[in-house]
Amino acid sequence: MKRFWTGVAVSEEGGAFAVRLDGRPVRLPGGGTLSVAARPLAEALAAEWDAAGRQGEMRWDEVPLTRLVGTAAERIAPDPAPTVAALARYGETDLLCYRAEEGELAAAQAREWTPWLGWARDSLGAGLAVTEGLMPAPQPPAALAALERAVAAHPPLGLAALGVLVPALGSLVLGLAVTRAGLDPAEAHRLSLLDELHQEARWGLDWEAEERRARVAADLAVAARLAALAG
C-alpha cells in the first residue's frame, strides 16, 4: 500500500477517538472506521500509522495494533460468543496442568507453574487438576465454567488480545494472567517454554526455534499492549 498522506491525527467523535490521515478516517478492511474508546490506544494507533507511512510505502504487517483492533471490531464485536467458546476450550488442556514425571524439568514446572494455577484457583475460582505425562486429564466442570466466565468478561478488544496470547502460550491461565494479573508477556512466554528450553539446554540451541520464539514474542508483546491500552 503506497502512502497517500502527510499527517496523522486523532480526533474525538461522539465519545470515541478516530485515527485520521490528512483529515480522512482510516478504513478497516470491512469498511468501518479505525475508532476506539480509549485515547491512549488511539494515539498508539496513530503513531503506528505515522511510523509505517514514513517508509513511503506501507504493509499491513507494519500496523499490528490496527489489525487486532480491526479483528475486534469486525469479527468479534458482532457476536463474541464463538470467540469466548473457542478460547475457553483451551482450559481443558492447559499447558500448566501437564507435568514431566520426574527430574529437573518436573521440579521447574512445579516451582514456576504451580503459583499461576494457584492464582487461577484463588482469583478466578478455577481449580484445575494436574497430571503427569501427556494423556488427557478431565478438568472439573466448575473450573472450566469459571474460566469461561473470566474469558467472557473481556470486551472485544480484550478477546482479540487473548486470541493471540492463549494459542501462542498454549495456556488459558497464562493468557488470562497477562490480561488480568499484569503478568509480563515476556515472562509468560518464558513460562510456556520451560520444556523446550530444558531440552535446548541439554542438546544445544536450535536456530529455527529461536527465530520462531522471536516472532511469537513480538506477537505476544503487541497483544499485551493492546489489552493494556484498551484499559
# chains A, B, ... in the order shown; residues from 1 in each chain; ligands from 1

$ residues_around --residues "Leu124 in chain A" --least-positions-apart "3" --cutoff "7 Å" --atoms "only C-alpha atoms" --output "MDAnalysis selection string"
chainID A and resid 120:121 146:147 150

$ write_last_selection --atoms "all heavy atoms" --output "JSON list (two decimals), in the first residue's frame"
[["chain", "number", "residue", "atom", "x", "y", "z"],
["A", 120, "ALA", "N", -5.16, -18.88, 39.46],
["A", 120, "ALA", "CA", -6.42, -19.19, 38.77],
["A", 120, "ALA", "C", -7.46, -19.71, 39.75],
["A", 120, "ALA", "O", -8.64, -19.37, 39.66],
["A", 120, "ALA", "CB", -6.18, -20.21, 37.66],
["A", 121, "ARG", "N", -7.01, -20.52, 40.69],
["A", 121, "ARG", "CA", -7.94, -21.06, 41.69],
["A", 121, "ARG", "C", -8.46, -19.96, 42.62],
["A", 121, "ARG", "O", -9.66, -19.84, 42.85],
["A", 121, "ARG", "CB", -7.22, -22.13, 42.52],
["A", 121, "ARG", "CG", -8.08, -22.78, 43.60],
["A", 121, "ARG", "CD", -7.22, -23.59, 44.56],
["A", 121, "ARG", "NE", -6.28, -22.74, 45.29],
["A", 121, "ARG", "CZ", -4.95, -22.91, 45.28],
["A", 121, "ARG", "NH1", -4.39, -23.89, 44.59],
["A", 121, "ARG", "NH2", -4.18, -22.08, 45.97],
["A", 146, "ALA", "N", -15.71, -21.51, 35.33],
["A", 146, "ALA", "CA", -15.12, -20.29, 35.88],
["A", 146, "ALA", "C", -14.17, -19.65, 34.87],
["A", 146, "ALA", "O", -14.15, -18.41, 34.72],
["A", 146, "ALA", "CB", -14.38, -20.61, 37.17],
["A", 147, "LEU", "N", -13.41, -20.47, 34.16],
["A", 147, "LEU", "CA", -12.51, -19.92, 33.14],
["A", 147, "LEU", "C", -13.30, -19.28, 32.00],
["A", 147, "LEU", "O", -12.93, -18.21, 31.50],
["A", 147, "LEU", "CB", -11.61, -21.03, 32.59],
["A", 147, "LEU", "CG", -10.51, -21.53, 33.54],
["A", 147, "LEU", "CD1", -9.79, -22.72, 32.92],
["A", 147, "LEU", "CD2", -9.51, -20.41, 33.86],
["A", 150, "ALA", "N", -14.40, -15.94, 33.04],
["A", 150, "ALA", "CA", -13.30, -14.98, 33.04],
["A", 150, "ALA", "C", -13.01, -14.50, 31.62],
["A", 150, "ALA", "O", -12.72, -13.31, 31.41],
["A", 150, "ALA", "CB", -12.05, -15.62, 33.64]]

$ select_by_dssp --residues "range 5-122 of chain A" --states "helix (DSSP H, G or I)" --output "ChimeraX atom specification"
/A:39-53,60-62,64-76,81-93,95-97,103-122

$ residues_around --residues "range 101-112 of chain A" --least-positions-apart "6" --cutoff "8 Å" --atoms "only C-alpha atoms" --output "mmCIF file with all heavy atoms, in the first residue's frame"
data_model
loop_
_atom_site.group_PDB
_atom_site.id
_atom_site.type_symbol
_atom_site.label_atom_id
_atom_site.label_comp_id
_atom_site.auth_asym_id
_atom_site.auth_seq_id
_atom_site.Cartn_x
_atom_site.Cartn_y
_atom_site.Cartn_z
ATOM 1 N N GLU A 132 0.583 -36.048 35.270
ATOM 2 C CA GLU A 132 1.920 -36.308 34.738
ATOM 3 C C GLU A 132 1.798 -36.987 33.391
ATOM 4 O O GLU A 132 0.933 -37.832 33.186
ATOM 5 C CB GLU A 132 2.729 -37.187 35.698
ATOM 6 C CG GLU A 132 3.019 -36.510 37.035
ATOM 7 C CD GLU A 132 3.793 -37.423 37.971
ATOM 8 O OE1 GLU A 132 3.946 -38.623 37.636
ATOM 9 O OE2 GLU A 132 4.240 -36.942 39.028
ATOM 10 N N GLY A 133 2.681 -36.614 32.467
ATOM 11 C CA GLY A 133 2.625 -37.202 31.134
ATOM 12 C C GLY A 133 1.713 -36.412 30.219
ATOM 13 O O GLY A 133 1.277 -35.294 30.536
ATOM 14 N N LEU A 191 7.638 -18.878 30.622
ATOM 15 C CA LEU A 191 6.978 -19.958 31.360
ATOM 16 C C LEU A 191 6.415 -21.013 30.410
ATOM 17 O O LEU A 191 6.453 -22.209 30.701
ATOM 18 C CB LEU A 191 5.852 -19.385 32.224
ATOM 19 C CG LEU A 191 6.291 -18.548 33.428
ATOM 20 C CD1 LEU A 191 5.101 -17.823 34.040
ATOM 21 C CD2 LEU A 191 6.978 -19.431 34.462
ATOM 22 N N LEU A 194 9.204 -23.739 29.156
ATOM 23 C CA LEU A 194 10.052 -24.471 30.094
ATOM 24 C C LEU A 194 10.544 -25.783 29.511
ATOM 25 O O LEU A 194 11.741 -26.122 29.605
ATOM 26 C CB LEU A 194 9.297 -24.733 31.401
ATOM 27 C CG LEU A 194 9.132 -23.574 32.383
ATOM 28 C CD1 LEU A 194 8.522 -24.087 33.676
ATOM 29 C CD2 LEU A 194 10.447 -22.866 32.644
ATOM 30 N N ASP A 195 9.656 -26.545 28.911
ATOM 31 C CA ASP A 195 10.042 -27.839 28.337
ATOM 32 C C ASP A 195 11.034 -27.645 27.202
ATOM 33 O O ASP A 195 12.091 -28.290 27.143
ATOM 34 C CB ASP A 195 8.791 -28.569 27.840
ATOM 35 C CG ASP A 195 9.088 -30.007 27.442
ATOM 36 O OD1 ASP A 195 10.251 -30.434 27.559
ATOM 37 O OD2 ASP A 195 8.165 -30.711 26.994
ATOM 38 N N HIS A 198 14.393 -26.457 28.405
ATOM 39 C CA HIS A 198 15.070 -27.546 29.117
ATOM 40 C C HIS A 198 15.753 -28.478 28.126
ATOM 41 O O HIS A 198 16.914 -28.872 28.325
ATOM 42 C CB HIS A 198 14.053 -28.307 29.969
ATOM 43 C CG HIS A 198 14.617 -29.515 30.646
ATOM 44 N ND1 HIS A 198 15.410 -29.441 31.770
ATOM 45 C CD2 HIS A 198 14.508 -30.843 30.352
ATOM 46 C CE1 HIS A 198 15.764 -30.661 32.142
ATOM 47 N NE2 HIS A 198 15.233 -31.529 31.302
#

$ residues_around --residues "Ala230 in chain A" --least-positions-apart "3" --cutoff "7 Å" --atoms "only C-alpha atoms" --output "PyMOL selection string"
chain A and resi 38+41+157+226-227

$ write_last_selection --atoms "C-alpha atoms" --output "PDB file, in the first residue's frame"
ATOM      1  CA  ALA A  38      -9.582   4.897  24.771  1.00  0.00           C
ATOM      2  CA  LEU A  41      -4.962   3.341  22.275  1.00  0.00           C
ATOM      3  CA  LEU A 157     -10.540  -5.760  22.269  1.00  0.00           C
ATOM      4  CA  LEU A 226      -3.465  -3.806  23.157  1.00  0.00           C
ATOM      5  CA  ALA A 227      -5.006  -5.160  26.357  1.00  0.00           C
TER       6      ALA A 227
END

$ closest_residue --among "A:Ala223, A:Ala153, A:Ala46, A:Ser192" --to "Val84 in chain A" --atoms "only C-alpha atoms"
A:Ala153

$ closest_residue --among "A:Leu183, A:Ala224, A:Ala9, A:Ala85" --to "Ala145 in chain A" --atoms "only C-alpha atoms"
A:Ala85

$ select_by_dssp --residues "range 76-231 of chain A" --states "strand (DSSP E)" --output "number ranges by chain"
A: 98-99, 131-132

$ write_last_selection --atoms "N, CA and C atoms" --output "PDB file, in the first residue's frame"
ATOM      1  N   TYR A  98       0.051 -30.140  32.655  1.00  0.00           N
ATOM      2  CA  TYR A  98       0.730 -31.351  32.173  1.00  0.00           C
ATOM      3  C   TYR A  98       2.204 -31.282  32.539  1.00  0.00           C
ATOM      4  N   ARG A  99       2.613 -32.185  33.419  1.00  0.00           N
ATOM      5  CA  ARG A  99       3.948 -32.135  34.007  1.00  0.00           C
ATOM      6  C   ARG A  99       4.794 -33.346  33.614  1.00  0.00           C
ATOM      7  N   THR A 131      -1.693 -33.328  36.051  1.00  0.00           N
ATOM      8  CA  THR A 131      -1.385 -34.724  35.752  1.00  0.00           C
ATOM      9  C   THR A 131       0.044 -34.841  35.247  1.00  0.00           C
ATOM     10  N   GLU A 132       0.583 -36.048  35.270  1.00  0.00           N
ATOM     11  CA  GLU A 132       1.920 -36.308  34.738  1.00  0.00           C
ATOM     12  C   GLU A 132       1.798 -36.987  33.391  1.00  0.00           C
TER      13      GLU A 132
END
